[in-house]
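Shown here: coords01.tsv, TSV, C-alpha atoms.
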```tsv
chain	number	residue	atom	x	y	z
Z	1	MET	CA	20.23	-55.11	5.52
Z	2	ASN	CA	18.51	-51.97	4.24
Z	3	PRO	CA	15.37	-51.84	6.38
Z	4	THR	CA	12.10	-51.13	4.65
Z	5	PRO	CA	10.74	-47.64	5.48
Z	6	ASN	CA	8.94	-47.67	8.83
Z	7	PRO	CA	5.98	-45.24	8.90
Z	8	GLN	CA	5.89	-45.26	12.72
Z	9	ARG	CA	9.53	-44.26	12.97
Z	10	ARG	CA	9.20	-41.67	10.22
Z	11	SER	CA	6.27	-40.17	12.07
Z	12	GLU	CA	8.26	-39.98	15.31
Z	13	LYS	CA	11.12	-38.31	13.46
Z	14	SER	CA	8.78	-35.69	11.99
Z	15	HIS	CA	7.19	-35.04	15.39
Z	16	ARG	CA	10.62	-34.49	16.93
Z	17	ALA	CA	11.76	-32.28	14.04
Z	18	ILE	CA	8.66	-30.08	14.34
Z	19	LEU	CA	9.11	-29.51	18.08
Z	20	ASP	CA	12.80	-28.72	17.64
Z	21	ALA	CA	12.11	-26.36	14.74
Z	22	ALA	CA	9.38	-24.56	16.69
Z	23	MET	CA	11.60	-23.90	19.70
Z	24	GLU	CA	14.65	-22.91	17.61
Z	25	LEU	CA	12.66	-20.46	15.50
Z	26	CYS	CA	11.00	-18.87	18.53
Z	27	VAL	CA	14.35	-18.37	20.26
Z	28	GLU	CA	15.84	-16.93	17.05
Z	29	HIS	CA	13.01	-14.65	15.92
Z	30	GLY	CA	10.64	-14.23	18.87
Z	31	TYR	CA	7.37	-16.08	19.31
Z	32	GLY	CA	5.30	-13.41	17.55
Z	33	ASN	CA	7.37	-13.56	14.37
Z	34	VAL	CA	7.17	-17.34	13.86
Z	35	THR	CA	4.58	-18.91	11.54
Z	36	VAL	CA	3.44	-22.50	11.06
Z	37	GLU	CA	4.84	-22.21	7.49
Z	38	ALA	CA	8.29	-21.43	8.85
Z	39	ILE	CA	8.14	-24.31	11.35
Z	40	ALA	CA	7.11	-26.70	8.55
Z	41	ALA	CA	9.92	-25.49	6.28
Z	42	ARG	CA	12.58	-25.83	9.00
Z	43	ALA	CA	11.31	-29.28	10.02
Z	44	GLY	CA	11.06	-30.49	6.40
Z	45	VAL	CA	7.37	-31.38	6.68
Z	46	SER	CA	4.16	-29.99	5.22
Z	47	LYS	CA	1.86	-27.59	7.09
Z	48	LYS	CA	-0.76	-30.33	6.84
Z	49	THR	CA	1.45	-32.64	8.90
Z	50	ILE	CA	1.68	-30.02	11.66
Z	51	TYR	CA	-2.07	-29.39	11.68
Z	52	ARG	CA	-2.69	-33.14	11.91
Z	53	TRP	CA	-1.10	-33.12	15.36
Z	54	TRP	CA	-1.66	-29.57	16.70
Z	55	PRO	CA	-4.54	-27.10	16.23
Z	56	THR	CA	-2.42	-23.91	16.34
Z	57	LYS	CA	1.12	-22.57	16.41
Z	58	GLY	CA	0.62	-21.89	20.12
Z	59	ALA	CA	-0.09	-25.56	20.76
Z	60	VAL	CA	3.12	-26.69	18.98
Z	61	VAL	CA	5.28	-24.18	20.82
Z	62	LEU	CA	3.63	-25.05	24.14
Z	63	GLU	CA	4.45	-28.75	23.70
Z	64	ALA	CA	8.06	-27.94	22.82
Z	65	PHE	CA	8.30	-25.62	25.81
Z	66	VAL	CA	6.74	-28.09	28.25
Z	67	GLU	CA	9.28	-30.71	27.19
Z	68	LEU	CA	12.12	-28.29	27.80
Z	69	ALA	CA	10.66	-27.05	31.10
Z	70	GLY	CA	10.24	-30.63	32.31
Z	71	THR	CA	13.89	-31.15	33.08
Z	72	ALA	CA	14.44	-27.60	34.37
Z	73	THR	CA	11.67	-27.51	36.92
Z	74	ARG	CA	12.11	-30.75	38.86
Z	75	PHE	CA	12.46	-30.60	42.62
Z	76	PRO	CA	15.64	-32.15	43.96
Z	77	ASP	CA	15.19	-34.28	47.09
Z	78	THR	CA	17.89	-33.72	49.68
Z	79	GLY	CA	15.66	-33.94	52.76
Z	80	ASP	CA	15.95	-30.16	53.32
Z	81	VAL	CA	12.75	-28.93	51.70
Z	82	VAL	CA	13.66	-25.26	51.95
Z	83	ALA	CA	17.03	-25.80	50.23
Z	84	ASP	CA	15.32	-27.92	47.57
Z	85	LEU	CA	12.84	-25.14	46.87
Z	86	ARG	CA	15.62	-22.59	46.53
Z	87	THR	CA	17.47	-24.89	44.12
Z	88	GLN	CA	14.35	-25.46	42.05
Z	89	MET	CA	13.45	-21.76	41.86
Z	90	THR	CA	17.01	-20.83	40.88
Z	91	ALA	CA	16.77	-23.35	38.02
Z	92	VAL	CA	13.32	-22.08	37.00
Z	93	LEU	CA	14.55	-18.48	36.92
Z	94	ALA	CA	17.71	-19.36	35.00
Z	95	ASN	CA	16.06	-21.70	32.49
Z	96	ILE	CA	12.58	-20.48	31.74
Z	97	LEU	CA	11.96	-17.09	33.44
Z	98	SER	CA	14.99	-15.20	32.13
Z	99	GLY	CA	16.94	-15.22	28.89
Z	100	PRO	CA	15.72	-16.29	25.43
Z	101	ARG	CA	13.46	-19.10	26.64
Z	102	ALA	CA	11.64	-16.61	28.86
Z	103	SER	CA	10.64	-14.64	25.75
Z	104	VAL	CA	9.20	-17.82	24.26
Z	105	TYR	CA	7.32	-18.49	27.49
Z	106	ALA	CA	6.05	-14.88	27.57
Z	107	GLY	CA	4.88	-15.32	23.97
Z	108	ILE	CA	2.91	-18.44	24.91
Z	109	ILE	CA	1.37	-16.71	27.95
Z	110	ALA	CA	0.47	-13.74	25.73
Z	111	GLU	CA	-1.28	-16.05	23.25
Z	112	THR	CA	-3.32	-17.64	26.06
Z	113	GLN	CA	-4.94	-14.24	26.73
Z	114	HIS	CA	-6.77	-14.61	23.39
Z	115	ASP	CA	-6.96	-18.42	23.09
Z	116	PRO	CA	-8.92	-20.10	25.91
Z	117	ALA	CA	-8.09	-23.62	24.65
Z	118	LEU	CA	-4.38	-22.85	24.83
Z	119	ALA	CA	-4.90	-21.33	28.29
Z	120	ARG	CA	-6.41	-24.63	29.43
Z	121	GLU	CA	-3.48	-26.58	27.94
Z	122	LEU	CA	-0.96	-24.24	29.58
Z	123	ARG	CA	-2.53	-24.98	32.94
Z	124	ALA	CA	-2.98	-28.70	32.33
Z	125	GLN	CA	0.42	-29.43	30.78
Z	126	LEU	CA	2.67	-26.96	32.57
Z	127	LEU	CA	1.32	-25.04	35.55
Z	128	ASP	CA	-1.04	-27.28	37.45
Z	129	PRO	CA	1.37	-30.23	37.86
Z	130	ARG	CA	4.17	-27.93	39.00
Z	131	VAL	CA	1.99	-25.93	41.38
Z	132	ALA	CA	0.76	-29.25	42.82
Z	133	ALA	CA	4.36	-30.48	43.22
Z	134	ALA	CA	5.37	-27.23	44.95
Z	135	ARG	CA	2.40	-27.43	47.31
Z	136	ASP	CA	3.19	-31.08	48.12
Z	137	ARG	CA	6.74	-30.15	49.02
Z	138	LEU	CA	5.53	-27.28	51.20
Z	139	ARG	CA	3.05	-29.55	53.00
Z	140	LEU	CA	5.92	-31.94	53.65
Z	141	ALA	CA	7.97	-29.04	55.05
Z	142	ARG	CA	5.02	-28.12	57.26
Z	143	ASP	CA	4.64	-31.72	58.45
Z	144	HIS	CA	8.34	-31.79	59.34
Z	145	GLY	CA	8.11	-28.55	61.32
Z	146	GLN	CA	10.06	-26.46	58.79
Z	147	LEU	CA	6.99	-24.23	58.26
Z	148	ALA	CA	4.38	-23.04	60.75
Z	149	PRO	CA	1.50	-25.53	61.28
Z	150	ASP	CA	-1.00	-22.98	59.93
Z	151	ALA	CA	1.07	-21.98	56.86
Z	152	ASP	CA	-1.26	-21.56	53.84
Z	153	VAL	CA	0.65	-23.46	51.13
Z	154	GLU	CA	-1.41	-21.86	48.35
Z	155	MET	CA	-0.34	-18.42	49.58
Z	156	VAL	CA	3.28	-19.57	49.87
Z	157	VAL	CA	3.30	-20.66	46.21
Z	158	ASP	CA	1.68	-17.37	45.08
Z	159	LEU	CA	4.27	-15.34	47.01
Z	160	LEU	CA	7.23	-17.43	45.80
Z	161	TYR	CA	6.42	-17.60	42.08
Z	162	GLY	CA	4.08	-14.59	41.55
Z	163	PRO	CA	6.80	-11.92	41.67
Z	164	LEU	CA	8.96	-13.83	39.15
Z	165	TYR	CA	6.16	-13.89	36.56
Z	166	TYR	CA	5.16	-10.31	37.38
Z	167	ARG	CA	8.67	-9.04	36.69
Z	168	LEU	CA	8.95	-11.05	33.46
Z	169	LEU	CA	5.56	-10.14	31.98
Z	170	LEU	CA	5.61	-6.48	33.03
Z	171	HIS	CA	9.14	-5.98	31.67
Z	172	LEU	CA	10.61	-5.16	35.07
Z	173	GLY	CA	13.75	-7.25	34.49
Z	174	PRO	CA	14.53	-10.69	35.95
Z	175	TYR	CA	15.81	-11.19	39.49
Z	176	PRO	CA	19.56	-11.32	39.87
Z	177	PRO	CA	20.45	-14.58	41.72
Z	178	ALA	CA	21.31	-12.79	44.99
Z	179	ARG	CA	17.93	-11.09	44.97
Z	180	LEU	CA	16.15	-14.40	44.31
Z	181	ARG	CA	17.97	-15.90	47.31
Z	182	ALA	CA	16.77	-13.06	49.53
Z	183	HIS	CA	13.25	-13.40	48.10
Z	184	VAL	CA	13.00	-17.15	48.83
Z	185	ALA	CA	14.53	-16.67	52.29
Z	186	HIS	CA	12.10	-13.86	53.12
Z	187	VAL	CA	8.97	-15.68	51.95
Z	188	LEU	CA	9.83	-18.99	53.63
Z	189	GLY	CA	11.01	-17.11	56.72
Z	190	SER	CA	7.63	-15.38	56.91
Z	191	PHE	CA	6.00	-18.81	57.34
Z	192	ALA	CA	8.61	-20.14	59.79
Z	193	PRO	CA	7.30	-21.87	62.90
Z	194	ALA	CA	7.29	-19.75	66.06
Z	195	PRO	CA	10.43	-20.34	68.14
Z	196	PRO	CA	9.84	-22.42	71.29
Z	197	ALA	CA	8.91	-20.22	74.28
Z	198	SER	CA	12.05	-21.24	76.20
Z	199	ALA	CA	14.19	-19.67	73.45
Z	200	ALA	CA	12.71	-16.19	74.08
Z	201	PRO	CA	14.87	-13.74	76.02
J	1	MET	CA	-25.81	32.49	18.52
J	2	ASN	CA	-24.77	29.53	16.38
J	3	PRO	CA	-21.03	29.33	17.00
J	4	THR	CA	-18.80	28.80	14.01
J	5	PRO	CA	-17.29	25.31	13.95
J	6	ASN	CA	-14.27	25.11	16.23
J	7	PRO	CA	-11.59	22.71	14.92
J	8	GLN	CA	-9.91	22.46	18.35
J	9	ARG	CA	-13.16	21.43	20.02
J	10	ARG	CA	-14.04	19.00	17.23
J	11	SER	CA	-10.62	17.41	17.60
J	12	GLU	CA	-11.10	17.01	21.37
J	13	LYS	CA	-14.49	15.43	20.77
J	14	SER	CA	-13.02	12.93	18.31
J	15	HIS	CA	-10.18	12.09	20.69
J	16	ARG	CA	-12.67	11.41	23.48
J	17	ALA	CA	-14.95	9.38	21.19
J	18	ILE	CA	-12.03	7.19	20.06
J	19	LEU	CA	-10.90	6.40	23.61
J	20	ASP	CA	-14.46	5.59	24.68
J	21	ALA	CA	-15.06	3.41	21.62
J	22	ALA	CA	-11.77	1.53	22.13
J	23	MET	CA	-12.57	0.66	25.75
J	24	GLU	CA	-16.21	-0.23	25.07
J	25	LEU	CA	-15.33	-2.53	22.17
J	26	CYS	CA	-12.57	-4.29	24.13
J	27	VAL	CA	-14.91	-4.93	27.06
J	28	GLU	CA	-17.62	-6.18	24.67
J	29	HIS	CA	-15.55	-8.34	22.33
J	30	GLY	CA	-12.19	-8.94	23.99
J	31	TYR	CA	-8.99	-7.07	23.16
J	32	GLY	CA	-7.87	-9.59	20.54
J	33	ASN	CA	-11.09	-9.26	18.52
J	34	VAL	CA	-11.06	-5.46	18.22
J	35	THR	CA	-9.65	-3.73	15.14
J	36	VAL	CA	-8.75	-0.10	14.45
J	37	GLU	CA	-11.50	-0.20	11.77
J	38	ALA	CA	-14.09	-1.10	14.39
J	39	ILE	CA	-12.88	1.62	16.77
J	40	ALA	CA	-13.06	4.20	13.96
J	41	ALA	CA	-16.58	3.08	12.99
J	42	ARG	CA	-17.88	3.22	16.58
J	43	ALA	CA	-16.25	6.63	17.19
J	44	GLY	CA	-17.49	8.05	13.87
J	45	VAL	CA	-14.02	8.98	12.63
J	46	SER	CA	-11.73	7.72	9.89
J	47	LYS	CA	-8.90	5.24	10.50
J	48	LYS	CA	-6.57	8.02	9.33
J	49	THR	CA	-7.69	10.17	12.26
J	50	ILE	CA	-6.79	7.40	14.70
J	51	TYR	CA	-3.38	6.81	13.14
J	52	ARG	CA	-2.66	10.53	13.31
J	53	TRP	CA	-2.68	10.27	17.12
J	54	TRP	CA	-1.67	6.69	17.88
J	55	PRO	CA	0.72	4.27	16.11
J	56	THR	CA	-1.21	1.06	16.89
J	57	LYS	CA	-4.41	-0.34	18.34
J	58	GLY	CA	-2.43	-1.24	21.46
J	59	ALA	CA	-1.48	2.40	21.98
J	60	VAL	CA	-5.11	3.59	21.76
J	61	VAL	CA	-6.35	0.95	24.17
J	62	LEU	CA	-3.47	1.63	26.56
J	63	GLU	CA	-4.35	5.34	26.71
J	64	ALA	CA	-8.00	4.54	27.38
J	65	PHE	CA	-7.01	2.03	30.04
J	66	VAL	CA	-4.54	4.37	31.76
J	67	GLU	CA	-7.26	7.02	32.01
J	68	LEU	CA	-9.63	4.52	33.59
J	69	ALA	CA	-6.95	3.10	35.90
J	70	GLY	CA	-6.01	6.60	37.05
J	71	THR	CA	-9.02	7.03	39.28
J	72	ALA	CA	-9.05	3.39	40.46
J	73	THR	CA	-5.45	3.17	41.63
J	74	ARG	CA	-4.99	6.28	43.75
J	75	PHE	CA	-3.74	5.91	47.30
J	76	PRO	CA	-6.07	7.32	49.94
J	77	ASP	CA	-4.30	9.26	52.71
J	78	THR	CA	-5.68	8.50	56.16
J	79	GLY	CA	-2.37	8.56	58.02
J	80	ASP	CA	-2.46	4.76	58.41
J	81	VAL	CA	-0.24	3.67	55.55
J	82	VAL	CA	-1.01	-0.02	55.95
J	83	ALA	CA	-4.77	0.58	55.81
J	84	ASP	CA	-4.29	2.89	52.80
J	85	LEU	CA	-2.38	0.18	50.98
J	86	ARG	CA	-5.09	-2.38	51.68
J	87	THR	CA	-7.74	0.04	50.39
J	88	GLN	CA	-5.74	0.77	47.25
J	89	MET	CA	-5.07	-2.90	46.49
J	90	THR	CA	-8.71	-3.80	47.03
J	91	ALA	CA	-9.67	-1.12	44.49
J	92	VAL	CA	-6.97	-2.26	42.04
J	93	LEU	CA	-8.16	-5.86	42.28
J	94	ALA	CA	-11.83	-4.92	41.91
J	95	ASN	CA	-11.35	-2.41	39.09
J	96	ILE	CA	-8.51	-3.54	36.89
J	97	LEU	CA	-7.29	-7.01	37.96
J	98	SER	CA	-10.61	-8.85	37.91
J	99	GLY	CA	-13.73	-8.68	35.75
J	100	PRO	CA	-14.04	-7.36	32.18
J	101	ARG	CA	-11.45	-4.59	32.54
J	102	ALA	CA	-8.90	-7.20	33.64
J	103	SER	CA	-9.31	-8.94	30.27
J	104	VAL	CA	-8.58	-5.66	28.52
J	105	TYR	CA	-5.52	-5.17	30.72
J	106	ALA	CA	-4.38	-8.75	30.03
J	107	GLY	CA	-4.81	-8.07	26.30
J	108	ILE	CA	-2.58	-5.00	26.54
J	109	ILE	CA	0.05	-6.89	28.55
J	110	ALA	CA	-0.09	-9.72	25.98
J	111	GLU	CA	0.50	-7.22	23.15
J	112	THR	CA	3.54	-5.78	24.95
J	113	GLN	CA	5.25	-9.20	24.68
J	114	HIS	CA	5.54	-8.61	20.91
J	115	ASP	CA	5.63	-4.78	20.80
J	116	PRO	CA	8.62	-3.25	22.64
J	117	ALA	CA	7.37	0.33	22.07
J	118	LEU	CA	4.06	-0.51	23.71
J	119	ALA	CA	5.95	-2.23	26.56
J	120	ARG	CA	7.85	1.02	27.17
J	121	GLU	CA	4.58	3.01	27.14
J	122	LEU	CA	2.95	0.55	29.54
J	123	ARG	CA	5.78	1.10	31.99
J	124	ALA	CA	5.99	4.87	31.47
J	125	GLN	CA	2.26	5.64	31.51
J	126	LEU	CA	0.92	3.04	33.92
J	127	LEU	CA	3.36	0.94	35.94
J	128	ASP	CA	6.34	3.11	36.83
J	129	PRO	CA	4.35	6.00	38.39
J	130	ARG	CA	2.24	3.57	40.44
J	131	VAL	CA	5.19	1.46	41.58
J	132	ALA	CA	6.95	4.70	42.57
J	133	ALA	CA	3.86	5.85	44.50
J	134	ALA	CA	3.62	2.49	46.29
J	135	ARG	CA	7.31	2.59	47.21
J	136	ASP	CA	6.98	6.17	48.49
J	137	ARG	CA	4.11	5.13	50.74
J	138	LEU	CA	6.08	2.15	52.02
J	139	ARG	CA	9.13	4.33	52.77
J	140	LEU	CA	6.83	6.65	54.71
J	141	ALA	CA	5.51	3.64	56.64
J	142	ARG	CA	9.09	2.62	57.36
J	143	ASP	CA	10.00	6.13	58.51
J	144	HIS	CA	7.01	6.10	60.87
J	145	GLY	CA	8.00	2.75	62.36
J	146	GLN	CA	5.13	0.81	60.75
J	147	LEU	CA	7.67	-1.35	58.86
J	148	ALA	CA	11.07	-2.65	59.95
J	149	PRO	CA	13.94	-0.18	59.39
J	150	ASP	CA	15.61	-2.60	56.95
J	151	ALA	CA	12.42	-3.44	54.98
J	152	ASP	CA	13.28	-3.63	51.24
J	153	VAL	CA	10.45	-1.60	49.70
J	154	GLU	CA	11.14	-3.00	46.22
J	155	MET	CA	10.64	-6.52	47.57
J	156	VAL	CA	7.47	-5.44	49.41
J	157	VAL	CA	5.94	-4.12	46.16
J	158	ASP	CA	6.90	-7.32	44.26
J	159	LEU	CA	5.33	-9.48	46.96
J	160	LEU	CA	2.16	-7.38	47.22
J	161	TYR	CA	1.35	-6.97	43.52
J	162	GLY	CA	3.21	-9.90	41.90
J	163	PRO	CA	0.75	-12.60	42.96
J	164	LEU	CA	-2.22	-10.57	41.68
J	165	TYR	CA	-0.76	-10.30	38.18
J	166	TYR	CA	0.44	-13.92	38.28
J	167	ARG	CA	-3.06	-15.19	39.05
J	168	LEU	CA	-4.62	-13.00	36.36
J	169	LEU	CA	-2.17	-13.75	33.54
J	170	LEU	CA	-1.83	-17.48	34.29
J	171	HIS	CA	-5.60	-17.93	34.50
J	172	LEU	CA	-5.55	-18.99	38.14
J	173	GLY	CA	-8.62	-16.93	39.07
J	174	PRO	CA	-8.67	-13.58	40.92
J	175	TYR	CA	-8.34	-13.32	44.69
J	176	PRO	CA	-11.60	-13.27	46.60
J	177	PRO	CA	-11.58	-10.15	48.84
J	178	ALA	CA	-11.01	-12.14	52.06
J	179	ARG	CA	-7.98	-13.80	50.54
J	180	LEU	CA	-6.60	-10.44	49.39
J	181	ARG	CA	-6.99	-9.14	52.96
J	182	ALA	CA	-5.02	-12.10	54.31
J	183	HIS	CA	-2.41	-11.63	51.58
J	184	VAL	CA	-1.82	-7.93	52.35
J	185	ALA	CA	-1.79	-8.62	56.11
J	186	HIS	CA	0.74	-11.45	55.67
J	187	VAL	CA	3.12	-9.52	53.42
J	188	LEU	CA	3.07	-6.34	55.50
J	189	GLY	CA	3.27	-8.41	58.70
J	190	SER	CA	6.39	-10.11	57.36
J	191	PHE	CA	8.10	-6.69	57.27
J	192	ALA	CA	6.78	-5.55	60.66
J	193	PRO	CA	9.28	-3.99	63.03
J	194	ALA	CA	10.58	-6.34	65.75
J	195	PRO	CA	8.62	-5.91	68.98
J	196	PRO	CA	10.51	-4.04	71.70
J	197	ALA	CA	12.57	-6.44	73.88
J	198	SER	CA	10.57	-5.53	76.99
J	199	ALA	CA	7.43	-6.96	75.34
J	200	ALA	CA	8.97	-10.46	75.04
J	201	PRO	CA	7.85	-13.04	77.60
```
For the structure just supplied, provide its representation as structure tokens.
Amino acid sequence: MNPTPNPQRRSEKSHRAILDAAMELCVEHGYGNVTVEAIAARAGVSKKTIYRWWPTKGAVVLEAFVELAGTATRFPDTGDVVADLRTQMTAVLANILSGPRASVYAGIIAETQHDPALARELRAQLLDPRVAAARDRLRLARDHGQLAPDADVEMVVDLLYGPLYYRLLLHLGPYPPARLRAHVAHVLGSFAPAPPASAAP
Amino acid sequence: MNPTPNPQRRSEKSHRAILDAAMELCVEHGYGNVTVEAIAARAGVSKKTIYRWWPTKGAVVLEAFVELAGTATRFPDTGDVVADLRTQMTAVLANILSGPRASVYAGIIAETQHDPALARELRAQLLDPRVAAARDRLRLARDHGQLAPDADVEMVVDLLYGPLYYRLLLHLGPYPPARLRAHVAHVLGSFAPAPPASAAP
């Protein structure tokens, strides 16, 4: 019952090994200190195999990072859109905007400043779908009267996520959880619907 | 009246020429494509001269950028702190967070992700003094009743500047001036003092 070697399966195994090796090495040594040679050696493949699938180191690490971010950045769906947003941002901060993975993410963002193709991939694979999901949720909140009818959802997303990236990339230190809570509450509160006139003193 | 050569003056001239060459080359070719060799050639000095004053390319470009940012990021003082802040942020956006200088700035910020010494210099030379100045102005606004007594000035600064850096570094496009105006008005409005009870309907 020894199966004959299956090229398809072997290829999938190599693909997986490369992504795992890329992420491990970046967490261990920092994005800037990792080479395609080192990724190939750790994954047990040739450099040629890596370059068959990805044009640059940045592209490999981005794919590994997107995979990892995928599970950490989902929106829960409890019916309370504001609570869901707070839960999602807490997970984003804990998983990809602080700690060792944040350094990998900062390394990818740094690389995009010199590599326009990688910048496009960063937007297409990671940012744009998540920004769209966040805006959809905020529109839903607006439709359900949890935000003011004229709330600018693009501005809400900028105000919610902008400061987290700013603090990471400018080395200002990540938000402690209590501060993140206050941040989300303040931003969403600033777009709250006006109270009904009868509730005024 | 031919003066004898003055080493002090020659040194100042070289220093100036290096900073000018560094900024010009970065604007022309992009931060990532500029080398210390090219800066030396344009400035008419040796590489050794550059390395006598700065440890890395990043350090040269940072000094040139800080000098340029100095005049563009000052706070005017009209007595209306909110208007002053809007003026300052408009100048910051126009001068260093959009256009060709923004690419140079993004290149420096990218480099700091791999160079902790440069990250410390970025904070010490550029960010920390400006963040401190912004917080001072906001405290003044609070003391004069233009912001709520419990306004968290650290949060105000994060919300004002964070989205500008986020949009620059994540390639989301700079704010058009009208959008920046709405942004500043929204953030400062969200920390406005509560209206006096007698003004309620």
Around (4.0, -11.1, 19.7) in the file's own coordinates, what residues are found within 7 Å if you use all atoms listed in the file, given back as a list in words? Tyr31, Gly32, Asn33 and Gly107 of chain Z; Glu111, Gln113, His114 and Asp115 of chain J
Top pick for closest residue to chain Z, considering J:Leu126, J:Leu138, J:Ala59, J:Ile109 and counting only C-alpha atoms: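 Selected residue with least distance to chain Z: J:Ile109.
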Give me the residues near Z:Gly70 as a PyMOL selection string, where near means some atom within 12 Å (using only C-alpha atoms) and where sequence neighbours in that chain fewer than 4 positions away do not count. chain Z and resi 62-66+74-75+88+91-92+95-96+125-127+129-130
Atomic separation - atom CA of J:Arg135 relative to atom CA of J:Thr87, Å: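 Interatomic distance, atom CA of J:Thr87 to atom CA of J:Arg135: 15.6 Å.
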Dump as number ranges by chain the residues of chain Z that approach chain J to within 10 Å, counting all atoms listed in the file. Z: 30-33, 103-116, 119-120, 122-123, 127-128, 155-172, 179, 182-183, 186-187, 189-191, 197-198, 200-201
Calculate how many Å separate atom CA of J:Ile18 from atom CA of J:Gly99, rounding to one decimal.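 The value is 22.4 Å.
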Hey, can I get the axis-aligned box for stretch 10-27 of chain J? All listed atoms, 3 Å padding on each side, centre and edge lengths in Å to one decimal, as AutoDock Vina command-line options.
```
--center_x -13.2 --center_y 7.0 --center_z 22.1 --size_x 12.0 --size_y 29.9 --size_z 15.8
```
Could you list, as JSON, numbers by chain, every residue within 12 Å of J:Gly145, counting all atoms listed in the file and ignoring same-chain residues fewer than 6 positions away? {"J": [80, 81, 82, 138, 139, 151, 191, 192, 193, 194, 195, 196]}
How many Å lie between atom CA of Z:Arg137 and atom CA of J:Pro174, rounded to one decimal? 24.0 Å
